[in-house]
Each structure stands twice: as structure tokens, then as C-alpha cells.
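K.L.:
Pasting data.cif below, which is mmCIF, C-alpha atoms and all ligand atoms.
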data_upload
loop_
_atom_site.group_PDB
_atom_site.id
_atom_site.type_symbol
_atom_site.label_atom_id
_atom_site.label_comp_id
_atom_site.auth_asym_id
_atom_site.auth_seq_id
_atom_site.Cartn_x
_atom_site.Cartn_y
_atom_site.Cartn_z
ATOM 1 C CA MET A 112 113.976 64.750 136.546
ATOM 2 C CA ALA A 113 116.798 67.250 136.652
ATOM 3 C CA ASP A 114 119.731 65.146 135.471
ATOM 4 C CA ASN A 115 120.531 67.425 132.550
ATOM 5 C CA LEU A 116 120.858 70.433 134.859
ATOM 6 C CA VAL A 117 123.976 71.912 136.419
ATOM 7 C CA CYS A 118 124.156 72.829 140.094
ATOM 8 C CA PHE A 119 126.714 74.375 142.444
ATOM 9 C CA PHE A 120 128.113 71.815 144.875
ATOM 10 C CA ASP A 121 131.403 71.563 146.791
ATOM 11 C CA ASP A 122 132.570 74.899 145.376
ATOM 12 C CA ALA A 123 132.118 73.935 141.723
ATOM 13 C CA PHE A 124 129.478 73.744 139.024
ATOM 14 C CA VAL A 125 128.722 70.073 138.399
ATOM 15 C CA PRO A 126 125.955 68.014 136.767
ATOM 16 C CA MET A 127 123.062 67.561 139.213
ATOM 17 C CA SER A 128 123.558 63.789 138.957
ATOM 18 C CA GLU A 129 127.012 64.167 140.593
ATOM 19 C CA ALA A 130 125.800 66.265 143.522
ATOM 20 C CA LYS A 131 125.134 63.613 146.162
ATOM 21 C CA VAL A 132 125.465 63.480 149.961
ATOM 22 C CA GLY A 133 126.061 60.469 152.218
ATOM 23 C CA VAL A 134 123.386 58.895 154.395
ATOM 24 C CA MET A 135 125.199 59.956 157.591
ATOM 25 C CA THR A 136 125.156 63.651 156.645
ATOM 26 C CA HIS A 137 124.268 65.594 159.793
ATOM 27 C CA ALA A 138 121.620 67.801 158.144
ATOM 28 C CA PHE A 139 119.887 64.762 156.658
ATOM 29 C CA ASN A 140 119.677 63.126 160.083
ATOM 30 C CA TYR A 141 118.927 66.166 162.261
ATOM 31 C CA GLY A 142 117.492 68.889 160.010
ATOM 32 C CA THR A 143 120.504 71.157 160.552
ATOM 33 C CA GLY A 144 120.344 73.103 157.315
ATOM 34 C CA CYS A 145 119.006 76.453 156.161
ATOM 35 C CA PHE A 146 117.809 77.494 152.754
ATOM 36 C CA GLU A 147 116.128 80.044 150.555
ATOM 37 C CA GLY A 148 113.466 79.833 147.906
ATOM 38 C CA ILE A 149 113.966 82.392 145.156
ATOM 39 C CA ARG A 150 112.092 82.819 141.899
ATOM 40 C CA ALA A 151 113.334 84.035 138.551
ATOM 41 C CA TYR A 152 110.794 85.031 135.903
ATOM 42 C CA TRP A 153 111.276 84.618 132.168
ATOM 43 C CA THR A 154 109.932 87.365 129.932
ATOM 44 C CA ALA A 155 109.706 86.250 126.317
ATOM 45 C CA GLU A 156 109.411 89.801 124.875
ATOM 46 C CA SER A 157 112.745 90.958 126.246
ATOM 47 C CA GLU A 158 114.275 87.438 126.283
ATOM 48 C CA GLN A 159 115.346 88.093 129.846
ATOM 49 C CA LEU A 160 115.277 86.120 133.062
ATOM 50 C CA TYR A 161 114.751 88.338 136.127
ATOM 51 C CA VAL A 162 115.639 87.125 139.622
ATOM 52 C CA PHE A 163 113.206 88.677 142.099
ATOM 53 C CA ARG A 164 114.653 90.423 145.189
ATOM 54 C CA LEU A 165 117.801 88.319 145.107
ATOM 55 C CA ASN A 166 119.684 90.468 147.582
ATOM 56 C CA ASP A 167 116.834 90.376 150.113
ATOM 57 C CA HIS A 168 116.682 86.589 149.897
ATOM 58 C CA LEU A 169 120.427 86.328 150.375
ATOM 59 C CA ARG A 170 120.297 88.635 153.401
ATOM 60 C CA ARG A 171 117.662 86.408 154.995
ATOM 61 C CA PHE A 172 119.827 83.400 154.120
ATOM 62 C CA GLU A 173 122.714 85.067 155.934
ATOM 63 C CA HIS A 174 120.509 85.484 158.997
ATOM 64 C CA SER A 175 119.376 81.824 158.938
ATOM 65 C CA ARG A 176 122.990 80.750 158.541
ATOM 66 C CA GLN A 177 124.029 82.760 161.615
ATOM 67 C CA VAL A 178 121.208 81.260 163.699
ATOM 68 C CA LEU A 179 122.405 77.785 162.763
ATOM 69 C CA MET A 180 126.095 78.682 163.312
ATOM 70 C CA ILE A 181 127.045 77.726 159.765
ATOM 71 C CA ASP A 182 130.178 79.341 158.334
ATOM 72 C CA LEU A 183 130.453 79.802 154.599
ATOM 73 C CA PRO A 184 133.388 81.100 152.581
ATOM 74 C CA TYR A 185 131.005 83.217 150.449
ATOM 75 C CA SER A 186 129.895 86.817 150.852
ATOM 76 C CA ILE A 187 126.403 87.879 149.795
ATOM 77 C CA GLU A 188 127.976 89.344 146.629
ATOM 78 C CA ARG A 189 129.618 86.010 145.825
ATOM 79 C CA LEU A 190 126.363 84.113 146.471
ATOM 80 C CA SER A 191 124.634 86.493 144.107
ATOM 81 C CA GLU A 192 127.276 85.812 141.416
ATOM 82 C CA ILE A 193 126.917 82.058 141.936
ATOM 83 C CA CYS A 194 123.159 82.368 141.468
ATOM 84 C CA ILE A 195 123.481 84.320 138.219
ATOM 85 C CA GLU A 196 126.138 81.975 136.857
ATOM 86 C CA LEU A 197 124.021 78.953 137.792
ATOM 87 C CA LEU A 198 121.070 80.314 135.827
ATOM 88 C CA ARG A 199 123.272 81.257 132.859
ATOM 89 C CA ARG A 200 124.931 77.866 132.739
ATOM 90 C CA ASN A 201 121.538 76.174 132.652
ATOM 91 C CA GLN A 202 120.409 78.604 129.914
ATOM 92 C CA PHE A 203 116.910 78.711 131.346
ATOM 93 C CA LYS A 204 114.216 80.285 129.192
ATOM 94 C CA THR A 205 111.379 79.596 131.577
ATOM 95 C CA ASP A 206 110.303 80.578 135.108
ATOM 96 C CA VAL A 207 112.592 78.905 137.616
ATOM 97 C CA TYR A 208 113.023 78.353 141.323
ATOM 98 C CA VAL A 209 116.459 78.745 142.916
ATOM 99 C CA ARG A 210 117.390 76.946 146.123
ATOM 100 C CA PRO A 211 120.576 77.897 148.036
ATOM 101 C CA LEU A 212 121.127 75.470 150.913
ATOM 102 C CA ALA A 213 123.760 75.625 153.655
ATOM 103 C CA TYR A 214 124.053 72.651 155.952
ATOM 104 C CA LYS A 215 125.999 70.707 158.566
ATOM 105 C CA SER A 216 127.815 68.167 156.450
ATOM 106 C CA SER A 217 129.757 66.105 159.028
ATOM 107 C CA GLU A 218 129.015 62.408 158.824
ATOM 108 C CA LEU A 219 128.719 61.435 162.472
ATOM 109 C CA ILE A 220 126.223 60.668 165.224
ATOM 110 C CA GLY A 221 125.564 63.492 167.699
ATOM 111 C CA VAL A 222 122.972 66.243 167.696
ATOM 112 C CA ARG A 223 124.483 69.711 168.109
ATOM 113 C CA LEU A 224 125.553 72.738 166.092
ATOM 114 C CA HIS A 225 129.174 73.194 167.163
ATOM 115 C CA ASN A 226 132.306 71.357 166.003
ATOM 116 C CA LEU A 227 130.807 70.239 162.714
ATOM 117 C CA THR A 228 131.770 70.929 159.123
ATOM 118 C CA ASP A 229 129.584 73.119 156.957
ATOM 119 C CA ALA A 230 128.725 72.840 153.271
ATOM 120 C CA PHE A 231 126.815 74.753 150.652
ATOM 121 C CA THR A 232 124.920 73.936 147.494
ATOM 122 C CA MET A 233 122.690 75.848 145.109
ATOM 123 C CA PHE A 234 120.401 74.341 142.525
ATOM 124 C CA SER A 235 117.664 75.563 140.265
ATOM 125 C CA VAL A 236 114.706 73.935 138.544
ATOM 126 C CA PRO A 237 111.978 75.073 136.144
ATOM 127 C CA PHE A 238 108.952 76.017 138.224
ATOM 128 C CA GLY A 239 105.325 76.861 137.511
ATOM 129 C CA ASP A 240 102.507 77.226 140.044
ATOM 130 C CA TYR A 241 103.294 75.904 143.531
ATOM 131 C CA VAL A 242 99.653 75.492 144.560
ATOM 132 C CA GLU A 243 97.038 74.557 141.972
ATOM 133 C CA THR A 244 94.069 76.912 142.190
ATOM 134 C CA LYS A 245 90.791 77.093 140.429
ATOM 135 C CA GLY A 246 89.367 80.468 141.396
ATOM 136 C CA GLY A 247 90.738 80.679 144.936
ATOM 137 C CA LEU A 248 91.827 78.450 147.794
ATOM 138 C CA SER A 249 89.738 76.650 150.352
ATOM 139 C CA VAL A 250 91.848 76.570 153.523
ATOM 140 C CA GLY A 251 91.465 74.969 156.924
ATOM 141 C CA VAL A 252 92.821 76.066 160.291
ATOM 142 C CA SER A 253 95.322 73.403 161.283
ATOM 143 C CA SER A 254 95.313 71.334 164.446
ATOM 144 C CA TRP A 255 99.108 71.721 164.282
ATOM 145 C CA ARG A 256 100.364 74.886 165.964
ATOM 146 C CA ARG A 257 103.062 77.023 164.344
ATOM 147 C CA ILE A 258 106.422 76.321 165.935
ATOM 148 C CA ASP A 259 107.301 78.880 168.617
ATOM 149 C CA ASP A 260 110.420 81.029 168.347
ATOM 150 C CA ASN A 261 111.640 79.619 171.650
ATOM 151 C CA ALA A 262 111.313 76.030 170.385
ATOM 152 C CA ALA A 263 112.952 76.610 167.007
ATOM 153 C CA PRO A 264 113.283 80.037 165.413
ATOM 154 C CA ALA A 265 110.496 80.307 162.847
ATOM 155 C CA ARG A 266 112.016 83.481 161.445
ATOM 156 C CA ALA A 267 115.025 81.557 160.212
ATOM 157 C CA LYS A 268 114.409 79.319 157.209
ATOM 158 C CA LEU A 269 115.727 76.094 158.707
ATOM 159 C CA THR A 270 115.200 72.738 157.008
ATOM 160 C CA GLY A 271 114.170 70.929 160.225
ATOM 161 C CA ILE A 272 111.412 73.445 160.928
ATOM 162 C CA TYR A 273 109.657 72.415 157.723
ATOM 163 C CA VAL A 274 108.357 69.265 159.437
ATOM 164 C CA ASN A 275 105.925 71.692 161.079
ATOM 165 C CA SER A 276 104.771 72.901 157.648
ATOM 166 C CA ALA A 277 104.638 69.367 156.214
ATOM 167 C CA LEU A 278 102.398 68.134 159.054
ATOM 168 C CA ALA A 279 100.013 71.036 158.555
ATOM 169 C CA LYS A 280 99.991 70.865 154.745
ATOM 170 C CA THR A 281 99.281 67.133 154.624
ATOM 171 C CA GLU A 282 96.605 67.322 157.293
ATOM 172 C CA ALA A 283 94.914 70.040 155.214
ATOM 173 C CA ALA A 284 95.202 68.065 151.968
ATOM 174 C CA LEU A 285 93.845 64.858 153.536
ATOM 175 C CA ASN A 286 90.928 66.844 154.932
ATOM 176 C CA GLY A 287 90.123 68.173 151.457
ATOM 177 C CA PHE A 288 91.580 71.690 151.813
ATOM 178 C CA ASP A 289 94.048 73.351 149.446
ATOM 179 C CA GLU A 290 96.213 74.829 152.221
ATOM 180 C CA SER A 291 96.427 75.097 155.994
ATOM 181 C CA ILE A 292 96.541 78.114 158.287
ATOM 182 C CA MET A 293 98.504 77.547 161.477
ATOM 183 C CA LEU A 294 97.815 79.329 164.765
ATOM 184 C CA THR A 295 100.430 80.265 167.339
ATOM 185 C CA ASP A 296 100.541 78.405 170.632
ATOM 186 C CA ASP A 297 98.402 81.159 172.183
ATOM 187 C CA GLY A 298 95.807 80.834 169.433
ATOM 188 C CA HIS A 299 96.564 83.708 167.053
ATOM 189 C CA VAL A 300 96.703 83.373 163.292
ATOM 190 C CA SER A 301 100.301 82.834 162.200
ATOM 191 C CA GLU A 302 100.707 81.712 158.591
ATOM 192 C CA GLY A 303 100.239 79.007 155.972
ATOM 193 C CA SER A 304 102.594 76.077 155.415
ATOM 194 C CA ALA A 305 104.756 78.182 153.093
ATOM 195 C CA GLU A 306 102.899 81.486 152.851
ATOM 196 C CA ASN A 307 102.152 84.584 154.887
ATOM 197 C CA ILE A 308 98.523 85.605 155.270
ATOM 198 C CA PHE A 309 96.687 88.899 154.757
ATOM 199 C CA LEU A 310 93.099 89.890 155.523
ATOM 200 C CA VAL A 311 91.321 92.751 153.802
ATOM 201 C CA LEU A 312 89.297 94.329 156.577
ATOM 202 C CA GLY A 313 87.530 97.691 156.446
ATOM 203 C CA GLY A 314 89.622 99.006 153.558
ATOM 204 C CA ARG A 315 92.965 98.095 155.105
ATOM 205 C CA LEU A 316 95.222 95.068 155.010
ATOM 206 C CA VAL A 317 95.764 93.244 158.285
ATOM 207 C CA THR A 318 98.590 90.744 158.703
ATOM 208 C CA PRO A 319 100.177 89.010 161.725
ATOM 209 C CA PRO A 320 103.166 90.808 163.290
ATOM 210 C CA PRO A 321 106.738 89.426 163.238
ATOM 211 C CA THR A 322 106.242 88.262 166.843
ATOM 212 C CA ASP A 323 103.519 85.748 165.914
ATOM 213 C CA ASN A 324 106.106 83.201 164.756
ATOM 214 C CA ILE A 325 105.931 84.023 161.073
ATOM 215 C CA LEU A 326 108.714 83.775 158.552
ATOM 216 C CA MET A 327 109.364 87.382 157.553
ATOM 217 C CA GLY A 328 108.299 86.866 153.971
ATOM 218 C CA ILE A 329 109.816 88.840 151.163
ATOM 219 C CA THR A 330 106.528 88.597 149.289
ATOM 220 C CA ARG A 331 104.823 89.895 152.460
ATOM 221 C CA ASP A 332 107.101 92.921 152.365
ATOM 222 C CA THR A 333 106.460 93.341 148.633
ATOM 223 C CA ILE A 334 102.699 93.296 149.213
ATOM 224 C CA ILE A 335 102.871 95.830 152.059
ATOM 225 C CA THR A 336 104.904 98.122 149.791
ATOM 226 C CA ILE A 337 102.799 97.844 146.646
ATOM 227 C CA ALA A 338 99.474 97.983 148.513
ATOM 228 C CA LYS A 339 100.540 101.409 149.768
ATOM 229 C CA THR A 340 102.249 102.807 146.691
ATOM 230 C CA GLU A 341 100.088 101.305 143.944
ATOM 231 C CA LEU A 342 96.665 101.072 145.636
ATOM 232 C CA GLY A 343 96.973 103.573 148.514
ATOM 233 C CA ILE A 344 96.074 100.849 151.034
ATOM 234 C CA GLU A 345 97.730 100.768 154.455
ATOM 235 C CA THR A 346 98.721 97.544 156.216
ATOM 236 C CA VAL A 347 98.227 97.011 159.930
ATOM 237 C CA GLU A 348 100.503 94.430 161.554
ATOM 238 C CA ARG A 349 98.686 93.013 164.576
ATOM 239 C CA SER A 350 97.675 89.707 166.137
ATOM 240 C CA ILE A 351 94.608 88.190 164.518
ATOM 241 C CA ASP A 352 92.056 85.898 166.182
ATOM 242 C CA ARG A 353 90.828 82.797 164.385
ATOM 243 C CA SER A 354 87.221 83.982 164.108
ATOM 244 C CA GLU A 355 88.329 87.249 162.483
ATOM 245 C CA LEU A 356 89.201 85.133 159.467
ATOM 246 C CA TYR A 357 85.550 84.201 158.966
ATOM 247 C CA GLY A 358 84.454 87.845 158.929
ATOM 248 C CA ALA A 359 87.177 89.235 156.653
ATOM 249 C CA ASP A 360 86.145 91.013 153.436
ATOM 250 C CA GLU A 361 88.905 89.183 151.569
ATOM 251 C CA ILE A 362 91.845 86.938 152.432
ATOM 252 C CA PHE A 363 94.935 86.031 150.471
ATOM 253 C CA VAL A 364 98.184 84.191 151.144
ATOM 254 C CA CYS A 365 101.537 84.982 149.574
ATOM 255 C CA GLY A 366 105.026 83.613 149.229
ATOM 256 C CA THR A 367 107.755 83.184 146.656
ATOM 257 C CA GLY A 368 106.417 79.803 145.529
ATOM 258 C CA ALA A 369 102.717 80.509 145.989
ATOM 259 C CA GLN A 370 102.972 84.098 144.677
ATOM 260 C CA VAL A 371 99.674 85.812 145.611
ATOM 261 C CA LEU A 372 96.729 83.439 146.048
ATOM 262 C CA PRO A 373 93.165 84.396 146.942
ATOM 263 C CA VAL A 374 91.478 82.446 149.736
ATOM 264 C CA VAL A 375 87.740 82.079 149.164
ATOM 265 C CA LYS A 376 86.863 79.717 152.022
ATOM 266 C CA VAL A 377 88.143 79.169 155.556
ATOM 267 C CA ASP A 378 86.960 76.110 157.474
ATOM 268 C CA HIS A 379 84.186 75.663 154.856
ATOM 269 C CA ARG A 380 82.887 79.212 155.399
ATOM 270 C CA PRO A 381 82.839 81.536 152.363
ATOM 271 C CA ILE A 382 84.947 84.673 152.805
ATOM 272 C CA GLY A 383 83.231 87.918 151.774
ATOM 273 C CA SER A 384 81.282 87.224 148.596
ATOM 274 C CA GLY A 385 82.873 83.783 148.329
ATOM 275 C CA GLU A 386 84.581 84.955 145.114
ATOM 276 C CA VAL A 387 88.008 86.461 144.531
ATOM 277 C CA GLY A 388 87.774 90.043 145.840
ATOM 278 C CA PRO A 389 88.799 93.264 144.044
ATOM 279 C CA THR A 390 91.723 94.164 146.332
ATOM 280 C CA THR A 391 93.255 90.707 146.013
ATOM 281 C CA GLN A 392 92.743 90.809 142.261
ATOM 282 C CA ALA A 393 94.478 94.186 142.012
ATOM 283 C CA LEU A 394 97.406 92.983 144.123
ATOM 284 C CA VAL A 395 97.815 89.785 142.084
ATOM 285 C CA LYS A 396 97.969 91.847 138.893
ATOM 286 C CA SER A 397 100.370 94.389 140.317
ATOM 287 C CA TYR A 398 102.650 91.663 141.727
ATOM 288 C CA MET A 399 102.753 89.766 138.424
ATOM 289 C CA ASP A 400 103.490 92.949 136.462
ATOM 290 C CA ILE A 401 106.333 93.846 138.817
ATOM 291 C CA VAL A 402 108.045 90.431 138.889
ATOM 292 C CA HIS A 403 107.972 90.312 135.079
ATOM 293 C CA GLY A 404 109.723 93.675 134.823
ATOM 294 C CA ASN A 405 106.731 95.621 133.481
ATOM 295 C CA VAL A 406 106.833 98.360 136.122
ATOM 296 C CA ASP A 407 109.862 100.662 136.029
ATOM 297 C CA THR A 408 109.460 101.846 139.653
ATOM 298 C CA TYR A 409 110.417 98.419 140.943
ATOM 299 C CA ARG A 410 113.271 97.582 138.560
ATOM 300 C CA SER A 411 115.699 97.652 141.483
ATOM 301 C CA TRP A 412 114.022 94.475 142.787
ATOM 302 C CA LEU A 413 115.023 92.602 139.612
ATOM 303 C CA THR A 414 118.407 91.163 138.731
ATOM 304 C CA PRO A 415 118.666 90.372 134.997
ATOM 305 C CA VAL A 416 120.491 87.118 134.278
ATOM 306 C CA TYR A 417 121.436 87.547 130.636
ATOM 307 C CA GLN A 418 123.580 90.348 129.231
HETATM 308 N N1 LIG A 501 106.214 81.312 155.578
HETATM 309 C C1 LIG A 501 106.843 80.155 155.343
HETATM 310 C C2 LIG A 501 106.823 79.113 156.395
HETATM 311 C C3 LIG A 501 107.500 79.942 154.128
HETATM 312 O O1 LIG A 501 108.125 78.789 153.889
HETATM 313 C C4 LIG A 501 107.479 80.951 153.133
HETATM 314 C C5 LIG A 501 108.153 80.712 151.807
HETATM 315 N N2 LIG A 501 109.506 81.044 151.857
HETATM 316 C C6 LIG A 501 106.824 82.150 153.435
HETATM 317 C C7 LIG A 501 106.198 82.300 154.654
HETATM 318 C C8 LIG A 501 106.840 83.285 152.459
HETATM 319 O O2 LIG A 501 108.139 83.845 152.383
HETATM 320 P P1 LIG A 501 108.678 84.511 151.056
HETATM 321 O O3 LIG A 501 107.647 85.477 150.615
HETATM 322 O O4 LIG A 501 109.935 85.171 151.463
HETATM 323 O O5 LIG A 501 108.888 83.420 150.069
#
Once you've parsed the file, please lay out its structure as C-alpha cells.
P.N.:
Amino acid sequence: MADNLVCFFDDAFVPMSEAKVGVMTHAFNYGTGCFEGIRAYWTAESEQLYVFRLNDHLRRFEHSRQVLMIDLPYSIERLSEICIELLRRNQFKTDVYVRPLAYKSSELIGVRLHNLTDAFTMFSVPFGDYVETKGGLSVGVSSWRRIDDNAAPARAKLTGIYVNSALAKTEAALNGFDESIMLTDDGHVSEGSAENIFLVLGGRLVTPPPTDNILMGITRDTIITIAKTELGIETVERSIDRSELYGADEIFVCGTGAQVLPVVKVDHRPIGSGEVGPTTQALVKSYMDIVHGNVDTYRSWLTPVYQ
């Protein structure tokens, strides 16, 4: 699919077809890798590709890397340069997804983090909608619980942890839902398989706190910021019970891949009017305007790729 693309692998830009790892690679066997998911948006009018909140993604990457005790010879500044050069070399004129990935590359048997070699790659592919929607998502609360911080740190974006998301996502799909919502071990709403969740409740946004095993989403932070500055809506971060979902005025999920997606049904129950609500609609519009560089106030969140 991506054979004509260039990626960064073993400290060099190479054709994607040459970037291969062996079957004994530690991360492949034990899930000992960490990654980021970053979007860049193409705007035809200005012929520019804008990477969204690149520095924030790379800072979270740095955190995940520390949790997994991976050492890289690259600073955040260097990773940022690699990202821009990667996009330039591929001459993308479309929306793309960028995936930096740091991993334990030793080829040996033995599960651990120490005394292993580390490696890094970054690739990028054209990317449209992550979740297909026709007027809002129908989601189901998962029978799979969100992994607890003391089992594996959910706030680091570790490859192995995504088995948790995959179990929940596939269960939801096989049960006829578009997406799953996972609860924490003690029964509070945590997040979707690759999205944070927000409720619109009594004129405010309510979203689970960092301590409910969520990934600290960059889109989540973006939404909290623009809800306040653009719409004058405050966000409350607090634990949410399952049945509060059913009584919310509106619900939406958000993430780099998903962007901002309205939820119109939870466990077969219509949310609010059962249609996409006005607050969600306003946030979707505002988010899309910002990521495409149409709002000057948030230009600092965008890194232009082309000179
Ligand atoms: N939770 C999980 C489990 C995710 O994989 C993602 C996607 N990275 C998110 C939340 C949303 O995070 P972000 O907005 O930073 O993409």
C-alpha cells in the first residue's frame, strides 16, 4: 500500500519497502514499544500542510519513552525536524497521519525493559476519517475494563497496551456498535478505544479526570481550551458513572484519528434528542477550522511543512 513512500528508519530516510524488522524483535514479541499518532492537514487554498500540535505530541512521546526506559539519540527538536523532513520528502498534498515509534529492538527471548537495544522509526501515510460515521456514533459500554495504571500505565502510549483497545473495539464492532466505551476497574467511565469522551451536561462539559486511566489526549486538551475560549463553556474533570451517560444532553468522543465525533446512542439508548447536538456541532466546526489554519488565534498549534 505504501511502497512508494519514504520513512525514517535506522537513522536514515529509506523507501518504506526497505524498513523491515526481524521476527525476534523484542517489541514485536512483548509489546515493548511506544508511539504517537499525529495528524497533518492539507489546505488547498494556501497549498500548505499543517502538522497539528507537533510539539505536544513529541512531549508525550518523550514521556512514554521514559516510562518504557527507551533511550533515543534525538531531542524533541530533532524529532520535529525529522517529522517535517519526512513529510517534505513524501511531498504530501493530502491529509496525513504521522507515526513516530520507539521500541526495544533486541532480537532475543526474555521479557524485561533493561539491557536491551532501542530503535526508532517514523512513517507517514495519507489518512482520511478514522471512524466512518453517518450522523453520529452508536456506542456500547465494553465488557473489557480499561487497563489500570498499576497494571500498565495507560497515560503512556505503549504499543502493548493497545491490546486492551483492540479487544474493546472488536467486541463493539461484532455487537453492531461503532465504538466502545471502557469503564475503569471501579466502574467509572474512562474512554473509547482510541478517543477521550465528553458529556454535555447542564451547559457544561464533563470529562473523566486524568486519574481514571485515560490517555491524556491532545485533542481533549484542545477541546477544553476551545470550549472555553470560543464558546464560553467550562469543562469539569470528574469521575462519571455509567448511567450518567444515558442522561447526558450530548456526548462526543475525540482523538487525533477520530477528530471530534458525536455520539447519538449509548447501549441502544438515544442521547438527548438522538440527533447531533448544537454544542458538539459547534465544537466540530471550531476544531476543523483551527486544524486547517483558518483561525489566527491558534496558529501556534500549527507547524507548516512547506516553505
Ligand atoms: N485514548 C486513547 C487510548 C488513544 O489511543 C487516543 C489516540 N491517541 C486518545 C485517547 C486521544 O488522544 P489524542 O487526542 O492525543 O490523539
K.L.:
Residues of segment 220-287 of chain A that have any atom at most 12 Å from an atom of segment 183-204 of chain A: could you tabulate them with the shortest-distance atom pair and the distance in Å to one decimal, using all atoms listed in the file, ordered by chain and increasing number, as a Markdown table?
P.N.:
| residue | atom | partner | partner_atom | distance |
| --- | --- | --- | --- | --- |
| A:Thr228 | CA | A:Leu183 | CA | 10.0 |
| A:Asp229 | CA | A:Leu183 | CA | 7.1 |
| A:Ala230 | CA | A:Leu183 | CA | 7.3 |
| A:Phe231 | CA | A:Leu183 | CA | 7.4 |
| A:Thr232 | CA | A:Ile193 | CA | 10.0 |
| A:Met233 | CA | A:Cys194 | CA | 7.5 |
| A:Phe234 | CA | A:Leu197 | CA | 7.5 |
| A:Ser235 | CA | A:Leu198 | CA | 7.3 |
| A:Val236 | CA | A:Phe203 | CA | 8.9 |
| A:Pro237 | CA | A:Phe203 | CA | 7.8 |
| A:Phe238 | CA | A:Phe203 | CA | 10.9 |
K.L.:
Could you give me the residues within 6 Å of ligand LIG 501 (chain A), counting all atoms listed in the file, as a ChimeraX atom specification?
P.N.:
/A:148,304-307,326,328-331,366-367
K.L.:
What separation in Å, quoted to one decimal, exists between atom CA of Arg210 of chain A and atom CA of Ala138 of chain A?
P.N.:
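Spanning atom CA of Arg210 of chain A to atom CA of Ala138 of chain A is a straight-line distance of 15.7 Å.
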K.L.:
Could you work out how far atom CA of Leu116 of chain A lies from atom CA of Ala277 of chain A, giving the answer in Å with one decimal?
P.N.:
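If I compute the distance from atom CA of Ala277 of chain A to atom CA of Leu116 of chain A, I get 26.8 Å.
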K.L.:
Measuring atom to atom with only C-alpha atoms, identify which of A:Phe309, A:Phe172, A:Asp407, A:Ser384 is nearest to Cys365 of chain A.
P.N.:
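Smallest distance to Cys365 of chain A is found for A:Phe309.
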K.L.:
I need the residue nearest Met293 of chain A from this list: A:Thr281, A:Thr390, A:Ser253, A:Asn275. Use only C-alpha atoms for the distance.
P.N.:
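For Met293 of chain A, the nearest of the candidates is A:Ser253.
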K.L.:
Could you tell me how far atom CA of Thr322 of chain A sits from atom CA of Gln392 of chain A, in Å to one decimal place?
P.N.:
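Interatomic distance, atom CA of Gln392 of chain A to atom CA of Thr322 of chain A: 28.2 Å.
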K.L.:
Which of these residues is nearest to Ser216 of chain A, using all atoms listed in the file: A:Gln177, A:Thr136, A:Gln370, A:Ser397?
P.N.:
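Answer, going by the shortest atom-to-atom distance: A:Thr136.
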K.L.:
Hey, what comes out of the PyMOL selection byres (((chain A and resi 226) around 10) and not hetatm) on this file? Could you write it as a list of chain:residue names?
P.N.:
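When the PyMOL selection byres (((chain A and resi 226) around 10) and not hetatm) is applied to the shown file, the picked residues are A:Met180, A:Lys215, A:Ser217, A:Arg223, A:Leu224, A:His225, A:Leu227, A:Thr228, A:Asp229.
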K.L.:
Filtering to C-alpha atoms, could you give me those residues as an mmCIF file, in the coordinates of the input?
P.N.:
data_model
loop_
_atom_site.group_PDB
_atom_site.id
_atom_site.type_symbol
_atom_site.label_atom_id
_atom_site.label_comp_id
_atom_site.auth_asym_id
_atom_site.auth_seq_id
_atom_site.Cartn_x
_atom_site.Cartn_y
_atom_site.Cartn_z
ATOM 1 C CA MET A 180 126.095 78.682 163.312
ATOM 2 C CA LYS A 215 125.999 70.707 158.566
ATOM 3 C CA SER A 217 129.757 66.105 159.028
ATOM 4 C CA ARG A 223 124.483 69.711 168.109
ATOM 5 C CA LEU A 224 125.553 72.738 166.092
ATOM 6 C CA HIS A 225 129.174 73.194 167.163
ATOM 7 C CA LEU A 227 130.807 70.239 162.714
ATOM 8 C CA THR A 228 131.770 70.929 159.123
ATOM 9 C CA ASP A 229 129.584 73.119 156.957
#
